[in-house]
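*Asks:* Quick one: the structure is below, and I'll ask about it shortly.
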Amino acid sequence: MVRTLRFHKNWVLPLAVLGLAAGFALRADEGMWLFSSFPSDRIGQKYGFSVQPSFLKHMQLSAVRFNNGGTGSFVSKDGLLFTNHHVGADCIQKLSGPNNDLMGKGFYAARQADEKPCPDLEVNTLLSTEDVTARVTAKVTRQTEAAEANRIRKAAMSEIEKECVSKTGNRCEVVTLFSGGQFHLYQYKKYTDVRLVFAPEFGIAFFGGDPDNFTYPRYALDIAFFRAYENGKPAQVSNFFRWSKQGVQDKELVFVPGNPGTTGRLATVAELEFYGELSYPLIIRRLESLVAALEAYGKGDAEKRRAAQENLFSQQNSLKAYRGFLRGLKDAQLMKAKRESERDFRERLSKDPALNSKFAVLYDNVANAWAELKGYYDSYWLLERAATRGSTLLEIARDIVRYSTETKKPNSERLREYTESALPSLEQTMYSTAPLDPGMEIAVLADYFAFLKQTLGAKEETVERILQGRTPEQAARAYVSSSKLTSVEERKRLAASAEAVKASEDGMIKLALLLEPRARQLRRLYEDRVEAVTNPAAAEIAQARLKLLGATSEYPDATFTLRLAYGQVRGYENDQGKPVPYATRIGGLFERGAGKDPYIVPESWLKAKEKLNPNIPFDFVSTADTHGGNSGSATVNTRGEIVGILFDGNIEGLPNRFFYSETQARSVHVASQAIVEALDKVYRADRLLGEIGMAKR
């Protein structure tokens with residue numbers, strides 16, 4: 001699945017930079033484009049379609065961001081939302097229980113009154129953007145020390161956001177673009193009352209399971225419908241995508257508005273080498289350990305397996321994605337091209353002595369910062385960056401500990417996650433009424449402690465304090481069993497008072513406090529010694545590339561904010577030189593079904609088999625340039641109609657995090673025809689079909 005967020009393509013494959021293919025930028029469907037700088041002329045030259053401002057605005061206001069790490073879109077005037085099952089899985093899991101497994105059996109609200117409220121889901125519609133670069137950087141001079149400059153910029157960002165929220169009541173975020181070359185203020189309309197309308201069975205939404213994830217051909221109905229509410233009633237929206245009557249067609253031009261997570265196409269060679277040599281191998285080892293722990297927890301027990309399903313699914317997805325990213329960084333040809341591209345760029349700079357002197361220092365500073373990070377990266381990533389991964393209980397405990405202290409500080413001095421503008425969304429998650437599974441929490445924390453002990457060493461100070469001579473399993477059980485954080489009222493009581501947090505005997509609060517001193521120290525070290533050096537340097541390098549190399553680099557790396565990709569519905573040749581068709585067909589699902597997990601065709605589909613048209617496209621591929629966070633993005637044609645929904649990419653496309661290529665890399669979508677066929681003949685979802693304008697007559 002494409003969603004690897006908030007944790008999930010970096011650097012342009014530099015053929016155009018190297019001058020190896022004249023007009024390459026025109027021919028390649030590359031780019032995660034800002035709506036404010038979409039290459040409409042390029043589309044016109046290549047596809048003969050004129051992209052009008054009204055077309056772009058309609059897509060901007062119809063698309064939404066799911067704040068749990070994906071994308072969606074409005075598909076009716078009454079706030080009906082369309083996204084992936086795996087984007088909505090967090091809510092679906094939280095609405096499930098031992099006797100009501102909505103993940104396993106699916107859900108359909110035949111009446112509006114049956115739509116189920118999600119405990120803590122928020123979706124955002126992007127209303128406007130504004131360039132605030134001058135305001136963010138106003139107090140930073142050439143003489144300002146790097147760490148102080150970093151703090152000044154962050155303080156300015158927090159104040160701009162606070163001012164925006166007080167004036168508009170909207171969600172406001174200052175977004176860093178081009179590694180700090182630009183700062184834009186994004187204003188969103190937010191919806192916090194979101195309800196589940198329809199979800200198919202997990203078995204068809206994720207048909208093929210982990211073995212088929214990031215592969216193609218696929219046969220997955222990875223869709224779900226929700227509804228946004230305001231004041232207890234369905235939200236009324238003016239912009240929404242209508243459904244295509246014709247459906248997807250081979251070779252047609254499509255657009256994909258969505259929120260790709262993070263890419264690094266503007267990364268330096270030094271940064272990429274750091275990822276390939278240290279960062280990604282560590283992340284992969286941690287994910288492998290966590291996946292094994294979750295699999296062991298659910299083995300032989302249906303209820304435990306149900307409780308762990310969404311967590312396991314998310315970690316497996318991330319693991320496969322990071323393995324694909326690392327494969328790209330270990331590809332000698334790709335890295336050679338990247339090195340040649342950087343060398344070519346620096347040679348161009350060297351023709352100007354002043355620029356050469358300046359940028360030589362910048363590249364050296366960046367390389368030194370990444371080299372220094374190697375000395376403490378394991379600790380930083382494990383104790384600060386990813387400490388709560390897989391554990392909702394530890395995430396809540398850390399948020400309570402930090403909330404209780406950060407909210408007492410001036411807004412400009414807080415950690416960015418706890419500024420005034422961020423608090424409403426944070427509080428919605430922190431005070432969620434979603435159920436927690438203590439057994440799974442113990443299993444995840446025991447694995448985390450064991451990994452800390454193995455990686456940092458049993459004598460490392462924080463590890464010693466956490467374990468206190470106990471085994472990882474004993475320590476995890478003690479922390480979880482002595483916690484009362486399953487109570488939302490207890491969370492609120494503690495979050496309101498730093499003194500109450502310090503005096504608390506709650507096991508999970510104690511664990512968060514044990515992690516806190518070293519975690520904060522490492523975060524400050526990273527921000528002052530790495531972020532403060534690399535961000536401004538990368539910003540200047542990016543701006544220089546724009547000036548020297550032209551339009552091939554005019555879109556910034558992804559930031560989990562709204563972008564627009566485009567491409568052609570088109571198959572490809574696999575490694576054996578055999579053609580892979582643009583679409584699979586419904587009939588292929590039954591041929592692929594083996595009666596054994598994860599290839600079990602659900603009973604509802606088996607019953608409807610004779611009614612289904614076997615020749616209707618099921619899943620299809622396009623050259624659209626997408627990445628993690630694009631999951632759930634509507635796939636629309638030149639009439640602005642839905643012809644599919646993006647849910648994955650193939651394994652060949654994972655290196656697109658760093659190097660763009662469309663030779664074999666493809667985005668994978670569910671075809672709109674298959675969705676209508678399934679809603680009609682498998683699920684008999686007449687109300688839903690009527691609302692999207694596809695009622696059968």
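Lettering and numbering for the structure tokens are positional, with chains as A, B, ... in the shown order, residues counted from 1 in each chain, and ligands counted from 1 in the shown order.
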Using only C-alpha atoms, find each residue in stretch 569-656 of chain A having at least one atom no more than 6 Å away from stretch 257-269 of chain A; report its shortest atom-to-atom pair and that distance in Å (one decimal), rows by chain then rising number, as a Markdown table.

*Replies:*
| residue | atom | partner | partner_atom | distance |
| --- | --- | --- | --- | --- |
| A:His627 | CA | A:Pro260 | CA | 5.1 |
| A:Gly628 | CA | A:Gly261 | CA | 5.2 |
| A:Gly629 | CA | A:Pro260 | CA | 4.3 |
| A:Asn630 | CA | A:Pro260 | CA | 4.8 |
| A:Ser633 | CA | A:Gly258 | CA | 5.1 |

*Asks:* From the set A:Ala110, A:Leu445, A:Gly276, A:Arg563, which residue has the shortest atom-to-atom contact distance to A:Pro655, counting only C-alpha atoms?

*Replies:*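 For A:Pro655, the nearest of the candidates is A:Gly276.
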
*Asks:* Calculate how many Å separate atom CA of A:Asp78 from atom CA of A:Phe241, rounding to one decimal.

*Replies:* 12.0 Å

*Asks:* For a quick check of understanding, using only C-alpha atoms, which of A:Pro602, A:Gly97, A:Gly457, A:Gly507 has the smallest distance to A:Ala475?

*Replies:* A:Gly507

*Asks:* Once DSSP has gone over the backbone, tell me which residues of stretch 425-589 of chain A are in strand (DSSP E), as a list in words.

*Replies:*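 Matching residues, listed in order: Arg563, Leu564, Ala565, Tyr566, Gly567, Gln568, Tyr572, Glu573, Pro579, Val580, Ala583, Thr584 and Arg585 of chain A.
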
*Asks:* Those residues you just picked out, can you put them in a file as a CSV table (one decimal), in the first residue's frame with N, CA and C atoms?

*Replies:*
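Final output, selection.csv:
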chain,number,residue,atom,x,y,z
A,563,ARG,N,-0.7,18.0,-3.4
A,563,ARG,CA,0.0,18.1,-4.6
A,563,ARG,C,-0.9,17.5,-5.7
A,564,LEU,N,-0.5,17.8,-7.0
A,564,LEU,CA,-1.2,17.2,-8.1
A,564,LEU,C,-0.2,16.5,-9.0
A,565,ALA,N,-0.4,15.2,-9.2
A,565,ALA,CA,0.3,14.4,-10.2
A,565,ALA,C,-0.5,14.1,-11.4
A,566,TYR,N,0.1,13.8,-12.5
A,566,TYR,CA,-0.6,13.4,-13.7
A,566,TYR,C,0.1,12.3,-14.4
A,567,GLY,N,-0.6,11.6,-15.2
A,567,GLY,CA,0.1,10.5,-16.0
A,567,GLY,C,-0.9,9.9,-16.9
A,568,GLN,N,-0.4,8.8,-17.5
A,568,GLN,CA,-1.1,8.1,-18.5
A,568,GLN,C,-1.4,6.7,-18.0
A,572,TYR,N,3.3,-1.9,-18.9
A,572,TYR,CA,4.7,-1.9,-19.0
A,572,TYR,C,5.2,-3.3,-19.3
A,573,GLU,N,6.5,-3.4,-19.5
A,573,GLU,CA,7.2,-4.7,-19.6
A,573,GLU,C,7.9,-5.1,-18.3
A,579,PRO,N,4.9,-8.2,-21.6
A,579,PRO,CA,4.0,-7.1,-21.4
A,579,PRO,C,3.1,-7.3,-20.2
A,580,VAL,N,2.9,-6.3,-19.4
A,580,VAL,CA,2.0,-6.3,-18.3
A,580,VAL,C,0.9,-5.4,-18.7
A,583,ALA,N,-4.6,-3.2,-17.1
A,583,ALA,CA,-5.7,-3.5,-16.1
A,583,ALA,C,-5.8,-5.0,-15.9
A,584,THR,N,-6.2,-5.4,-14.7
A,584,THR,CA,-6.6,-6.7,-14.4
A,584,THR,C,-8.2,-6.7,-14.6
A,585,ARG,N,-8.7,-7.9,-14.6
A,585,ARG,CA,-10.2,-8.0,-14.8
A,585,ARG,C,-10.8,-8.8,-13.7

*Asks:* Write down as a ChimeraX atom specification the residues of stretch 117-179 of chain A whose backbone DSSP state falls under alpha helix (DSSP H).

*Replies:* /A:133-137,146-168

*Asks:* Export, as a short mmCIF file (atom, residue, chain, number, x, y, z; two decimals), in the first residue's frame, the selected residues with C-alpha atoms.

*Replies:*
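This is the output file selection-v6.cif:
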data_model
loop_
_atom_site.label_atom_id
_atom_site.label_comp_id
_atom_site.auth_asym_id
_atom_site.auth_seq_id
_atom_site.Cartn_x
_atom_site.Cartn_y
_atom_site.Cartn_z
CA THR A 133 8.91 33.21 3.41
CA ALA A 134 9.80 36.83 4.16
CA ARG A 135 8.02 36.74 7.53
CA VAL A 136 9.60 33.44 8.59
CA THR A 137 13.13 34.53 7.72
CA ALA A 146 22.82 28.14 12.73
CA ALA A 147 21.05 26.67 15.77
CA GLU A 148 19.66 30.05 16.79
CA ALA A 149 18.49 30.73 13.23
CA ASN A 150 16.64 27.41 13.28
CA ARG A 151 14.86 28.39 16.51
CA ILE A 152 14.00 31.84 15.16
CA ARG A 153 12.40 30.36 12.04
CA LYS A 154 10.38 27.84 14.04
CA ALA A 155 9.20 30.54 16.45
CA ALA A 156 8.08 32.69 13.53
CA MET A 157 6.22 29.74 11.99
CA SER A 158 4.39 29.10 15.28
CA GLU A 159 3.36 32.75 15.63
CA ILE A 160 2.10 32.97 12.04
CA GLU A 161 0.01 29.84 12.61
CA LYS A 162 -1.40 31.17 15.89
CA GLU A 163 -2.34 34.48 14.27
CA CYS A 164 -4.03 32.65 11.38
CA VAL A 165 -6.05 30.38 13.69
CA SER A 166 -7.26 33.33 15.81
CA LYS A 167 -8.32 35.27 12.73
CA THR A 168 -9.98 32.49 10.75
#

*Asks:* For stretch 51-60 of chain A, find every residue with an atom within 12 Å (counting only C-alpha atoms), except residues of its own chain fewer than 6 positions away, and show them as a PyMOL selection string.

*Replies:* chain A and resi 33-45+71-75+124-129+188+237-242+253-259+561-566+633-642

*Asks:* Nearest residue to A:Ala270 out of A:Ala538, A:Leu383, A:Leu426, A:Val64, using only C-alpha atoms?

*Replies:* A:Ala538

*Asks:* Rank A:Gln143, A:Asn84, A:Ser179, A:Ser76 by their smallest atom-to-atom distance to A:Gln543, using only C-alpha atoms, and report the top residue only.

*Replies:*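 Under the stated criterion, the closest residue is A:Ser179.
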
*Asks:* How far is it from atom CA of A:Gly649 to atom CA of A:Phe325, in Å with one decimal?

*Replies:*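 Calculated distance between atom CA of A:Gly649 and atom CA of A:Phe325 is 12.4 Å.
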
*Asks:* How close does each residue of stretch 585-694 of chain A get to stretch 215-233 of chain A, giving the shortest atom pair and distance in Å to one decimal for every residue with an atom at most 8 Å away, counting only C-alpha atoms, sorted by chain and residue number, as JSON lines?

*Replies:*
{"residue": "A:Ile586", "atom": "CA", "partner": "A:Tyr219", "partner_atom": "CA", "distance": 7.7}
{"residue": "A:Gly588", "atom": "CA", "partner": "A:Tyr219", "partner_atom": "CA", "distance": 7.6}
{"residue": "A:Leu589", "atom": "CA", "partner": "A:Tyr219", "partner_atom": "CA", "distance": 5.8}
{"residue": "A:Phe618", "atom": "CA", "partner": "A:Tyr219", "partner_atom": "CA", "distance": 6.5}
{"residue": "A:Asp619", "atom": "CA", "partner": "A:Tyr219", "partner_atom": "CA", "distance": 6.1}
{"residue": "A:Gly632", "atom": "CA", "partner": "A:Ile223", "partner_atom": "CA", "distance": 7.8}
{"residue": "A:Ile645", "atom": "CA", "partner": "A:Ile223", "partner_atom": "CA", "distance": 7.8}
{"residue": "A:Phe647", "atom": "CA", "partner": "A:Asp222", "partner_atom": "CA", "distance": 6.6}
{"residue": "A:Gly649", "atom": "CA", "partner": "A:Thr215", "partner_atom": "CA", "distance": 7.1}
{"residue": "A:Asn650", "atom": "CA", "partner": "A:Thr215", "partner_atom": "CA", "distance": 4.5}
{"residue": "A:Ile651", "atom": "CA", "partner": "A:Thr215", "partner_atom": "CA", "distance": 5.6}
{"residue": "A:Val668", "atom": "CA", "partner": "A:Tyr216", "partner_atom": "CA", "distance": 7.7}
{"residue": "A:Val670", "atom": "CA", "partner": "A:Leu221", "partner_atom": "CA", "distance": 6.4}
{"residue": "A:Ile675", "atom": "CA", "partner": "A:Leu221", "partner_atom": "CA", "distance": 7.3}

*Asks:* Residues of the last selection are to be written out with C-alpha atoms, as a compact mmCIF listing (two decimals), in the first residue's frame.

*Replies:*
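This is the output file part01.txt:
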# COMPACT_ATOMS: atom_id res chain seq x y z
CA ILE A 586 -12.80 -9.13 -12.30
CA GLY A 588 -9.00 -12.86 -12.76
CA LEU A 589 -9.89 -12.54 -9.07
CA PHE A 618 -10.57 -4.37 -11.60
CA ASP A 619 -7.22 -2.71 -10.81
CA GLY A 632 -6.93 7.25 -1.25
CA ILE A 645 -8.70 5.50 -6.73
CA PHE A 647 -4.04 2.58 -3.42
CA GLY A 649 2.58 1.40 -6.27
CA ASN A 650 4.52 -1.49 -7.72
CA ILE A 651 7.84 -2.63 -6.26
CA VAL A 668 -1.78 1.17 -8.86
CA VAL A 670 -8.86 0.44 -8.27
CA ILE A 675 -16.29 -0.35 -7.63

*Asks:* Got a sec: who's within 10 Å of stretch 519-532 of chain A, counting only C-alpha atoms, leaving out chain neighbours fewer than 3 positions off, as an MDAnalysis selection string?

*Replies:* chainID A and resid 145:151 365:373 376:377 379:385 387 462 512:516 535:537

*Asks:* Give me a file of those residues, with N, CA and C atoms, as a compact mmCIF listing (two decimals), in the first residue's frame.

*Replies:*
# COMPACT_ATOMS: atom_id res chain seq x y z
N GLU A 145 23.88 32.56 14.21
CA GLU A 145 24.40 31.20 14.41
C GLU A 145 23.32 30.20 13.99
N ALA A 146 23.75 29.08 13.39
CA ALA A 146 22.82 28.14 12.73
C ALA A 146 21.71 27.65 13.66
N ALA A 147 22.06 27.21 14.85
CA ALA A 147 21.05 26.67 15.77
C ALA A 147 20.06 27.75 16.18
N GLU A 148 20.54 28.95 16.41
CA GLU A 148 19.66 30.05 16.79
C GLU A 148 18.75 30.43 15.62
N ALA A 149 19.29 30.44 14.41
CA ALA A 149 18.49 30.73 13.23
C ALA A 149 17.36 29.72 13.08
N ASN A 150 17.64 28.46 13.36
CA ASN A 150 16.64 27.41 13.28
C ASN A 150 15.51 27.68 14.28
N ARG A 151 15.87 28.09 15.49
CA ARG A 151 14.86 28.39 16.51
C ARG A 151 14.04 29.62 16.14
N ASN A 365 29.63 21.30 4.77
CA ASN A 365 28.89 21.40 6.03
C ASN A 365 27.80 20.33 6.12
N VAL A 366 27.11 20.12 5.01
CA VAL A 366 26.06 19.09 4.98
C VAL A 366 26.67 17.71 5.22
N ALA A 367 27.75 17.42 4.52
CA ALA A 367 28.40 16.11 4.67
C ALA A 367 28.88 15.92 6.11
N ASN A 368 29.42 16.96 6.72
CA ASN A 368 29.90 16.86 8.10
C ASN A 368 28.75 16.63 9.08
N ALA A 369 27.62 17.29 8.83
CA ALA A 369 26.47 17.13 9.72
C ALA A 369 25.95 15.69 9.69
N TRP A 370 25.84 15.12 8.49
CA TRP A 370 25.37 13.73 8.40
C TRP A 370 26.40 12.78 9.00
N ALA A 371 27.66 13.08 8.83
CA ALA A 371 28.70 12.23 9.43
C ALA A 371 28.62 12.26 10.95
N GLU A 372 28.37 13.45 11.51
CA GLU A 372 28.27 13.57 12.97
C GLU A 372 27.06 12.82 13.50
N LEU A 373 25.96 12.85 12.76
CA LEU A 373 24.73 12.17 13.20
C LEU A 373 24.94 10.67 13.35
N TYR A 376 25.22 9.21 16.94
CA TYR A 376 24.13 9.06 17.91
C TYR A 376 22.78 8.75 17.26
N TYR A 377 22.79 8.38 15.97
CA TYR A 377 21.53 8.19 15.26
C TYR A 377 20.69 7.06 15.86
N SER A 379 20.41 5.98 18.87
CA SER A 379 19.74 6.45 20.09
C SER A 379 18.65 7.45 19.76
N TYR A 380 18.96 8.39 18.88
CA TYR A 380 17.97 9.42 18.51
C TYR A 380 16.73 8.77 17.91
N TRP A 381 16.92 7.84 16.98
CA TRP A 381 15.76 7.26 16.31
C TRP A 381 14.94 6.38 17.26
N LEU A 382 15.63 5.63 18.11
CA LEU A 382 14.93 4.68 18.97
C LEU A 382 14.30 5.32 20.21
N LEU A 383 14.92 6.35 20.74
CA LEU A 383 14.41 6.96 21.97
C LEU A 383 13.53 8.18 21.72
N GLU A 384 13.71 8.85 20.58
CA GLU A 384 12.92 10.04 20.30
C GLU A 384 12.03 9.86 19.07
N ARG A 385 12.61 9.64 17.92
CA ARG A 385 11.86 9.68 16.67
C ARG A 385 10.81 8.58 16.56
N ALA A 387 10.10 6.09 19.13
CA ALA A 387 9.92 5.38 20.41
C ALA A 387 8.53 4.79 20.56
N THR A 462 19.47 4.87 29.80
CA THR A 462 18.01 4.85 29.68
C THR A 462 17.49 3.42 29.66
N ALA A 512 7.26 6.99 30.11
CA ALA A 512 7.47 8.17 29.27
C ALA A 512 8.45 9.13 29.92
N LEU A 513 8.39 9.27 31.25
CA LEU A 513 9.31 10.15 31.97
C LEU A 513 10.74 9.61 31.95
N LEU A 514 10.88 8.29 31.99
CA LEU A 514 12.21 7.69 31.90
C LEU A 514 12.85 7.95 30.54
N LEU A 515 12.05 7.95 29.51
CA LEU A 515 12.56 8.20 28.16
C LEU A 515 12.87 9.68 27.93
N GLU A 516 12.17 10.55 28.64
CA GLU A 516 12.14 11.97 28.30
C GLU A 516 13.49 12.69 28.34
N ASN A 535 19.16 22.13 6.61
CA ASN A 535 18.00 22.79 6.01
C ASN A 535 18.35 24.06 5.24
N PRO A 536 19.07 25.02 5.86
CA PRO A 536 19.41 26.22 5.07
C PRO A 536 20.35 25.93 3.91
N ALA A 537 21.27 24.96 4.10
CA ALA A 537 22.18 24.61 3.00
C ALA A 537 21.39 23.99 1.86

*Asks:* Can you pull out the residues contacting A:Val401? Cut-off 8 Å, using only C-alpha atoms, and skip same-chain residues under 3 positions away; I want them as a PDB file with N, CA and C atoms, in the first residue's frame.

*Replies:*
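Output below, filename result10.pdb:
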ATOM      1  N   ALA A 397       0.946   8.394  26.502  1.00  0.00           N
ATOM      2  CA  ALA A 397       1.715   8.771  27.689  1.00  0.00           C
ATOM      3  C   ALA A 397       2.727   9.867  27.363  1.00  0.00           C
ATOM      4  N   ARG A 398       3.445   9.727  26.255  1.00  0.00           N
ATOM      5  CA  ARG A 398       4.418  10.771  25.878  1.00  0.00           C
ATOM      6  C   ARG A 398       3.715  12.091  25.599  1.00  0.00           C
ATOM      7  N   SER A 404       1.740  18.545  29.153  1.00  0.00           N
ATOM      8  CA  SER A 404       1.658  19.167  30.483  1.00  0.00           C
ATOM      9  C   SER A 404       2.725  20.230  30.700  1.00  0.00           C
ATOM     10  N   THR A 405       3.857  20.116  30.019  1.00  0.00           N
ATOM     11  CA  THR A 405       4.924  21.114  30.158  1.00  0.00           C
ATOM     12  C   THR A 405       4.950  22.107  29.003  1.00  0.00           C
ATOM     13  N   ALA A 495      -2.776  15.578  31.981  1.00  0.00           N
ATOM     14  CA  ALA A 495      -2.302  16.534  30.985  1.00  0.00           C
ATOM     15  C   ALA A 495      -2.433  17.973  31.465  1.00  0.00           C
ATOM     16  N   ALA A 498       1.620  19.587  35.116  1.00  0.00           N
ATOM     17  CA  ALA A 498       2.955  18.994  35.105  1.00  0.00           C
ATOM     18  C   ALA A 498       3.290  18.399  36.464  1.00  0.00           C
ATOM     19  N   VAL A 501       1.753  14.997  36.712  1.00  0.00           N
ATOM     20  CA  VAL A 501       2.532  14.051  35.919  1.00  0.00           C
ATOM     21  C   VAL A 501       3.755  13.588  36.697  1.00  0.00           C
ATOM     22  N   ILE A 509       3.076   6.517  32.389  1.00  0.00           N
ATOM     23  CA  ILE A 509       3.616   7.867  32.600  1.00  0.00           C
ATOM     24  C   ILE A 509       5.058   7.768  33.093  1.00  0.00           C
ATOM     25  N   ALA A 512       7.260   6.990  30.107  1.00  0.00           N
ATOM     26  CA  ALA A 512       7.467   8.172  29.270  1.00  0.00           C
ATOM     27  C   ALA A 512       8.453   9.132  29.923  1.00  0.00           C
ATOM     28  N   LEU A 513       8.385   9.270  31.249  1.00  0.00           N
ATOM     29  CA  LEU A 513       9.308  10.153  31.969  1.00  0.00           C
ATOM     30  C   LEU A 513      10.735   9.606  31.952  1.00  0.00           C
TER      31      LEU A 513
END
